[in-house]
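Colleague: After the structure tokens below, expect a handful of questions from me.
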Amino acid sequence: MTAKRDFLASVSPFFLLALLALAAYSNSFGCSFQFDDSLYVVNNPSIHYFNSPDKVWRILKEPTRFLSLYSFALNYRFNRLDVFGYHLFNFILHLINSFLVFWLTNLLYQLFSSKTNKHSRSVASAGIFVSILFLVHPLQTQAVTYISQRMASLAALFYFLSIISYIKARIGEERTFSGVFFIVSILSAIAGMLSKETVFTLPFVILIFENLYTRYLGKKTFLRNKIFWAALITSVLVIPLCYSLDFKSVFGVEIPSASHDGDTVTFANYFLTQFRVIMRYISLIIFPVNQNLDYDFALSRDIFSKGTLISILAVIGLLIYGISRLRKNAVIYFGMMWFFVALSVESSIFPIRHVIFEHRLYLPSFGIILALFEILRVNIGEKKMFNIIFSLMVLTLAFLTFQRNRIWQDELTMWRDVARKSPNKARAYSGLGDAYLRQKDYNPAVENFDKALKLNPKDYKVYNALGVIYSQQGQRELAVENYQKSMQLAPLYEESFMNLGNLYFREGYYNQALELYSKVINFSYNYPPAYLNRGILLSELRRYELAREDFNKAIYLRPYYTEAYINRGNLSGKEGRYDEAIKDFDAAIKLDPFYPQAYISRGNAYELKGQSKKAEKDYETASKLGKGKYNVKKSN
């Protein structure tokens, strides 16, 4: 009976965390792709190569996020673009991270709480308290419900695991197990470095722990173990070696701000701005209200800019407070140092176009939550009062998380929220306009695009989107006018050239369309859709040899390009080369077994070969997938 009670006691925290996670995130599994999900998931060629991870590696400019992108490839392999699988993966990551927070917090309290204060109340439950706060905090939704920001939660998983393994190795009594934990710590560090660049700070947090461990417990420093530290430093070098950094690229950069229209980000103003950003982050952790996917956050031009000086003083004060806890309370010290160190990659001297994003807080937030919990634990004397306050906090945070997930439901709910909270930011309205456009709700789309242009008259993507709307509404002159405005503002923006070319193609102005497709190929040589569309046009003009060359080039550049295989197969069919056509349709079906067009095209080829049974089978499959019988003609 005692063994059974011990087992239930050991597993009950995990059941509690799982139930709370399900309650807070139960409405998140159907949330749509948002914002950068288009870049990292929906239109990302690398995630189509699950069986060829080397191709994923080669596609990336810097492979420091290889594991994150490969996890999207895993989802795509089994879920294609069904959001449920992606959300389930993110949810499980977040739940595992809460378990790791539980483990790490307990380790810290076991080592330091009795050495730093006389209050033993709630020490045994510290892990579950802190992990629950981490789990249900609404700020985490941007790293959990926002699919592509899995990068933050995956990197955090390896970060937590590496530090926990290091601590277990340091306090381990058996040498064999200590060695295993050290190996796990190094491997986790390497995996973290290949998930997101923020893991670069990992060795510094380990050094903070090492300082506490030797100071409070009188242990010999582990820095003398040269093998471990050589391996750790080597793993850290993964990140800088993936970038061709120089001082000019960091300190001489000038890039347009994506956080406030009209601002230009430099090393100096980014650094000054981050003091205000850090204070905003801390306020969001304590009072998570008015969360926003896309903040309108102006840069600080000097220390006398609004709120800058007071933020500098506040951050310095918090750092001094955290350091002053070194002798008095190791847990508060560790939490405060964790926050500032873990945040330092994205909130320090390295300029980034977006000066503020909530998902950047996913890993650092553990430090503040730990420190705040310890402050409450020490200062609230009555156990009953502590439990009441904690319960109210958890219920409030879980409710806010559930409510925040309602905002993530689809693009319209999200961008309406952004437009309400960032009314002076052009991207708020262009994002909302894009959301309406994708639903073919043209009037509110145009209304929001017009608002965006009033705030930013040089937004070439908005003119292109307006061209798409007017083209679909049959307003040809307005469509051409807006496409041409987009082309004038951005002479290297492929989409406006392609869309105008498609318009000419549909109208039968083949020479003008051919000229535009060729222009795109001239300035963007590795852009597969240009070869595909030019190939379709050349096929229409019966210039089959040139069309085949373009289809071959499109497939060479993008081996997963289903439509290129289909159209090359159609071309072979026109030439009577049915076996070659069927091979291309087979390849298309292998790439996307849920694409009706591929079955219809293959059915046509079988029918022309006289293999009617195979043709009927393909037509039936296409019908089950929800499409009728038709031939492929062109693709964007």
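Ordered as shown in the structure tokens, chains take letters A, B, and onward, while each chain numbers its residues from 1 and ligands are numbered from 1 in the order shown.
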Would you list the contacts of Asp417 (chain A) as number ranges by chain, taking every protein, DNA or RNA residue within 12 Å and counting only C-alpha atoms, but skipping same-chain residues closer than 5 positions in sequence?
Modeller: A: 290-295, 404-412, 422-423, 428-429, 431-432
Colleague: I'd like to know which residues of region 148-339 of chain A are alpha helix (DSSP H) (by DSSP, run on the backbone); could you write them as a ChimeraX atom specification?
Modeller: /A:150-171,175-193,202-217,226-236,238-241,247-251,267-286,308-324,330-339
Colleague: For Lys519 (chain A), work out the shell of residues within 12 Å, counting only C-alpha atoms and skipping chain neighbours fewer than 6 positions away, then give it as a PyMOL selection string.
Modeller: chain A and resi 487+491-498+500-501+512-513+525+527+530-531+534
Colleague: Store the residues of this selection in a file with C-alpha atoms, as a PDB file, in the first residue's frame.
Modeller:
```
ATOM      1  CA  MET A 487       6.332  46.567 -60.138  1.00  0.00           C
ATOM      2  CA  PRO A 491      11.287  45.931 -59.588  1.00  0.00           C
ATOM      3  CA  LEU A 492      12.487  42.598 -58.159  1.00  0.00           C
ATOM      4  CA  TYR A 493       9.192  41.457 -56.601  1.00  0.00           C
ATOM      5  CA  GLU A 494       8.282  38.311 -58.537  1.00  0.00           C
ATOM      6  CA  GLU A 495       4.603  38.057 -57.631  1.00  0.00           C
ATOM      7  CA  SER A 496       3.405  41.269 -59.281  1.00  0.00           C
ATOM      8  CA  PHE A 497       5.190  40.362 -62.546  1.00  0.00           C
ATOM      9  CA  MET A 498       3.786  36.832 -62.388  1.00  0.00           C
ATOM     10  CA  LEU A 500       0.225  40.494 -64.477  1.00  0.00           C
ATOM     11  CA  GLY A 501       1.669  37.820 -66.751  1.00  0.00           C
ATOM     12  CA  GLN A 512       3.166  40.143 -73.185  1.00  0.00           C
ATOM     13  CA  ALA A 513       2.800  37.236 -70.748  1.00  0.00           C
ATOM     14  CA  TYR A 525      16.953  32.853 -61.922  1.00  0.00           C
ATOM     15  CA  TYR A 527      12.306  31.057 -59.026  1.00  0.00           C
ATOM     16  CA  ALA A 530       8.288  31.446 -63.447  1.00  0.00           C
ATOM     17  CA  TYR A 531       9.625  28.409 -65.297  1.00  0.00           C
ATOM     18  CA  ARG A 534       6.370  29.981 -68.953  1.00  0.00           C
TER      19      ARG A 534
END
```
Colleague: Using only C-alpha atoms, which of A:Leu17, A:Ile582, A:Leu154, A:Val345 sits nearest Phe200 (chain A)?
Modeller: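 Nearest to Phe200 (chain A): A:Val345.
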Colleague: With only C-alpha atoms as the counted atoms, please give the residues lying no more than 7 Å from Gly569 (chain A), apart from itself and same-chain residues fewer than 3 positions off, as a list in words.
Modeller: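 Using only C-alpha atoms, the neighbours found are Tyr565, Ile566, Ser572, Gly573, Glu580, Ala581, Ile582, Asp584 and Phe585 of chain A.
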Colleague: Put those residues in a file: all heavy atoms, as a compact mmCIF listing (two decimals), in the first residue's frame.
Modeller:
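Output saved as out-v5.txt:
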```
# COMPACT_ATOMS: atom_id res chain seq x y z
N TYR A 565 5.38 18.44 -62.25
CA TYR A 565 5.31 17.06 -62.74
C TYR A 565 4.02 16.84 -63.54
O TYR A 565 4.02 16.20 -64.60
CB TYR A 565 5.34 16.07 -61.57
CG TYR A 565 6.72 15.86 -60.99
CD1 TYR A 565 7.08 16.43 -59.77
CD2 TYR A 565 7.66 15.06 -61.65
CE1 TYR A 565 8.34 16.24 -59.23
CE2 TYR A 565 8.93 14.86 -61.11
CZ TYR A 565 9.26 15.45 -59.90
OH TYR A 565 10.52 15.25 -59.37
N ILE A 566 2.92 17.37 -63.04
CA ILE A 566 1.64 17.19 -63.72
C ILE A 566 1.67 17.84 -65.11
O ILE A 566 1.25 17.25 -66.11
CB ILE A 566 0.49 17.77 -62.88
CG1 ILE A 566 0.26 16.90 -61.64
CG2 ILE A 566 -0.80 17.86 -63.69
CD1 ILE A 566 -0.77 17.46 -60.68
N SER A 572 3.80 15.50 -72.16
CA SER A 572 4.11 14.19 -72.74
C SER A 572 2.86 13.56 -73.34
O SER A 572 2.91 12.90 -74.39
CB SER A 572 4.71 13.27 -71.68
OG SER A 572 5.96 13.76 -71.22
N GLY A 573 1.72 13.76 -72.68
CA GLY A 573 0.46 13.23 -73.19
C GLY A 573 0.10 13.84 -74.53
O GLY A 573 -0.37 13.14 -75.45
N GLU A 580 5.71 8.04 -70.39
CA GLU A 580 6.45 9.11 -69.71
C GLU A 580 5.49 9.98 -68.89
O GLU A 580 5.80 10.41 -67.78
CB GLU A 580 7.19 9.98 -70.72
CG GLU A 580 8.40 9.31 -71.35
CD GLU A 580 9.15 10.25 -72.28
OE1 GLU A 580 9.14 11.48 -72.01
OE2 GLU A 580 9.72 9.76 -73.26
N ALA A 581 4.33 10.23 -69.46
CA ALA A 581 3.32 11.04 -68.75
C ALA A 581 2.91 10.35 -67.45
O ALA A 581 2.85 10.99 -66.39
CB ALA A 581 2.11 11.26 -69.64
N ILE A 582 2.65 9.05 -67.54
CA ILE A 582 2.21 8.31 -66.35
C ILE A 582 3.30 8.32 -65.27
O ILE A 582 3.00 8.42 -64.07
CB ILE A 582 1.80 6.88 -66.74
CG1 ILE A 582 0.49 6.93 -67.54
CG2 ILE A 582 1.64 5.99 -65.51
CD1 ILE A 582 0.11 5.63 -68.20
N ASP A 584 5.38 10.74 -64.68
CA ASP A 584 5.30 12.04 -64.01
C ASP A 584 4.09 12.14 -63.09
O ASP A 584 4.16 12.69 -61.98
CB ASP A 584 5.26 13.17 -65.04
CG ASP A 584 6.65 13.59 -65.50
OD1 ASP A 584 7.60 13.40 -64.73
OD2 ASP A 584 6.77 14.12 -66.62
N PHE A 585 2.96 11.59 -63.52
CA PHE A 585 1.77 11.62 -62.66
C PHE A 585 1.98 10.74 -61.42
O PHE A 585 1.52 11.08 -60.33
CB PHE A 585 0.54 11.16 -63.44
CG PHE A 585 0.23 12.03 -64.63
CD1 PHE A 585 -0.22 11.46 -65.83
CD2 PHE A 585 0.39 13.40 -64.58
CE1 PHE A 585 -0.50 12.25 -66.93
CE2 PHE A 585 0.10 14.20 -65.68
CZ PHE A 585 -0.34 13.63 -66.86
```
Colleague: With a distance cut-off of 10 Å and only C-alpha atoms, select the neighbouring residues of Ile278 (chain A), excluding the residue or stretch itself and same-chain residues fewer than 4 positions from it, and output the selection as a list of chain:residue names.
Modeller: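 Near Ile278 (chain A), the qualifying residues are A:Thr273, A:Gln274, A:Ile282, A:Ser283, A:Leu284, A:Ser311, A:Ile312, A:Ala314, A:Val315, A:Phe340, A:Leu343, A:Ser347, A:Ser348, A:Ile356, A:Leu361.
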Colleague: Could the residues in this selection be written to a file with all heavy atoms, as a short mmCIF file (atom, residue, chain, number, x, y, z; two decimals), in the first residue's frame?
Modeller:
```cif
data_model
loop_
_atom_site.label_atom_id
_atom_site.label_comp_id
_atom_site.auth_asym_id
_atom_site.auth_seq_id
_atom_site.Cartn_x
_atom_site.Cartn_y
_atom_site.Cartn_z
N THR A 273 16.36 50.78 -27.14
CA THR A 273 14.95 50.37 -27.16
C THR A 273 14.71 49.13 -26.31
O THR A 273 13.65 48.98 -25.70
CB THR A 273 14.50 50.10 -28.61
OG1 THR A 273 14.73 51.26 -29.40
CG2 THR A 273 13.02 49.72 -28.67
N GLN A 274 15.70 48.24 -26.25
CA GLN A 274 15.50 46.98 -25.55
C GLN A 274 15.29 47.16 -24.04
O GLN A 274 14.70 46.29 -23.40
CB GLN A 274 16.67 46.03 -25.81
CG GLN A 274 16.64 45.41 -27.20
CD GLN A 274 15.30 44.80 -27.54
OE1 GLN A 274 14.82 43.90 -26.84
NE2 GLN A 274 14.67 45.27 -28.61
N ILE A 282 8.47 42.23 -18.73
CA ILE A 282 8.24 41.94 -17.30
C ILE A 282 6.81 42.28 -16.90
O ILE A 282 6.15 41.54 -16.17
CB ILE A 282 9.26 42.71 -16.43
CG1 ILE A 282 10.67 42.15 -16.66
CG2 ILE A 282 8.90 42.60 -14.95
CD1 ILE A 282 11.77 42.93 -15.99
N SER A 283 6.31 43.41 -17.42
CA SER A 283 4.93 43.79 -17.10
C SER A 283 3.94 42.77 -17.66
O SER A 283 2.91 42.49 -17.04
CB SER A 283 4.62 45.19 -17.65
OG SER A 283 4.56 45.18 -19.06
N LEU A 284 4.26 42.18 -18.84
CA LEU A 284 3.39 41.17 -19.43
C LEU A 284 3.40 39.87 -18.62
O LEU A 284 2.40 39.16 -18.55
CB LEU A 284 3.81 40.87 -20.87
CG LEU A 284 3.40 41.91 -21.92
CD1 LEU A 284 4.11 41.65 -23.24
CD2 LEU A 284 1.88 41.90 -22.12
N SER A 311 13.28 53.30 -17.98
CA SER A 311 13.42 51.86 -18.23
C SER A 311 14.85 51.40 -17.99
O SER A 311 15.08 50.32 -17.43
CB SER A 311 12.99 51.53 -19.67
OG SER A 311 11.63 51.78 -19.87
N ILE A 312 15.81 52.23 -18.39
CA ILE A 312 17.22 51.91 -18.14
C ILE A 312 17.46 51.78 -16.64
O ILE A 312 18.08 50.83 -16.16
CB ILE A 312 18.14 52.97 -18.76
CG1 ILE A 312 18.08 52.90 -20.28
CG2 ILE A 312 19.59 52.78 -18.28
CD1 ILE A 312 18.83 54.04 -20.98
N ALA A 314 15.24 51.22 -14.32
CA ALA A 314 14.49 50.09 -13.77
C ALA A 314 15.21 48.77 -14.03
O ALA A 314 15.30 47.92 -13.14
CB ALA A 314 13.09 50.05 -14.38
N VAL A 315 15.74 48.58 -15.25
CA VAL A 315 16.46 47.34 -15.58
C VAL A 315 17.73 47.23 -14.73
O VAL A 315 18.04 46.16 -14.19
CB VAL A 315 16.81 47.30 -17.08
CG1 VAL A 315 17.77 46.14 -17.37
CG2 VAL A 315 15.54 47.14 -17.90
N PHE A 340 17.68 37.43 -17.48
CA PHE A 340 18.46 38.39 -18.25
C PHE A 340 19.43 37.70 -19.22
O PHE A 340 19.62 38.16 -20.34
CB PHE A 340 19.22 39.32 -17.31
CG PHE A 340 18.35 40.37 -16.69
CD1 PHE A 340 18.02 40.31 -15.35
CD2 PHE A 340 17.83 41.41 -17.45
CE1 PHE A 340 17.20 41.28 -14.77
CE2 PHE A 340 17.01 42.38 -16.88
CZ PHE A 340 16.70 42.31 -15.54
N LEU A 343 17.50 36.01 -22.18
CA LEU A 343 16.90 37.01 -23.06
C LEU A 343 17.95 37.77 -23.87
O LEU A 343 17.62 38.46 -24.84
CB LEU A 343 16.08 37.99 -22.22
CG LEU A 343 15.13 38.96 -22.93
CD1 LEU A 343 14.08 38.22 -23.74
CD2 LEU A 343 14.46 39.87 -21.90
N SER A 347 17.53 40.51 -26.97
CA SER A 347 17.26 41.81 -26.35
C SER A 347 18.55 42.42 -25.82
O SER A 347 18.70 42.66 -24.63
CB SER A 347 16.24 41.68 -25.22
OG SER A 347 14.95 41.47 -25.72
N SER A 348 19.49 42.66 -26.73
CA SER A 348 20.75 43.28 -26.30
C SER A 348 21.30 44.14 -27.44
O SER A 348 20.65 45.09 -27.87
CB SER A 348 21.76 42.22 -25.86
OG SER A 348 22.01 41.29 -26.90
N ILE A 356 10.31 43.61 -30.78
CA ILE A 356 9.59 42.94 -29.69
C ILE A 356 8.71 41.83 -30.26
O ILE A 356 8.03 42.02 -31.27
CB ILE A 356 8.74 43.96 -28.89
CG1 ILE A 356 7.96 43.27 -27.75
CG2 ILE A 356 7.80 44.74 -29.80
CD1 ILE A 356 7.27 44.27 -26.80
N LEU A 361 9.94 35.41 -25.06
CA LEU A 361 9.90 35.28 -23.60
C LEU A 361 9.73 33.84 -23.14
O LEU A 361 9.81 33.57 -21.93
CB LEU A 361 8.72 36.09 -23.04
CG LEU A 361 8.99 37.54 -22.65
CD1 LEU A 361 7.72 38.18 -22.14
CD2 LEU A 361 10.08 37.62 -21.60
#
```
Colleague: Give me the residues near Tyr544 (chain A) as a PDB file with N, CA and C atoms, in the first residue's frame, where near means some atom within 9 Å (using only C-alpha atoms) and where sequence neighbours in that chain fewer than 5 positions away do not count.
Modeller:
```pdb
ATOM      1  N   GLY A 535       6.549  27.560 -69.056  1.00  0.00           N
ATOM      2  CA  GLY A 535       6.435  26.265 -69.714  1.00  0.00           C
ATOM      3  C   GLY A 535       5.009  25.983 -70.151  1.00  0.00           C
ATOM      4  N   LEU A 538       4.360  28.157 -73.202  1.00  0.00           N
ATOM      5  CA  LEU A 538       5.048  27.632 -74.383  1.00  0.00           C
ATOM      6  C   LEU A 538       4.362  26.370 -74.898  1.00  0.00           C
ATOM      7  N   SER A 539       3.843  25.568 -73.975  1.00  0.00           N
ATOM      8  CA  SER A 539       3.100  24.368 -74.374  1.00  0.00           C
ATOM      9  C   SER A 539       1.837  24.760 -75.123  1.00  0.00           C
ATOM     10  N   GLU A 549      11.906  22.050 -71.465  1.00  0.00           N
ATOM     11  CA  GLU A 549      13.101  22.580 -70.791  1.00  0.00           C
ATOM     12  C   GLU A 549      12.699  23.379 -69.547  1.00  0.00           C
ATOM     13  N   LEU A 571       2.233  17.537 -71.000  1.00  0.00           N
ATOM     14  CA  LEU A 571       2.965  17.794 -72.238  1.00  0.00           C
ATOM     15  C   LEU A 571       3.324  16.479 -72.941  1.00  0.00           C
ATOM     16  N   GLU A 575       2.094  14.849 -76.697  1.00  0.00           N
ATOM     17  CA  GLU A 575       3.024  14.318 -77.697  1.00  0.00           C
ATOM     18  C   GLU A 575       2.835  12.820 -77.923  1.00  0.00           C
TER      19      GLU A 575
END
```
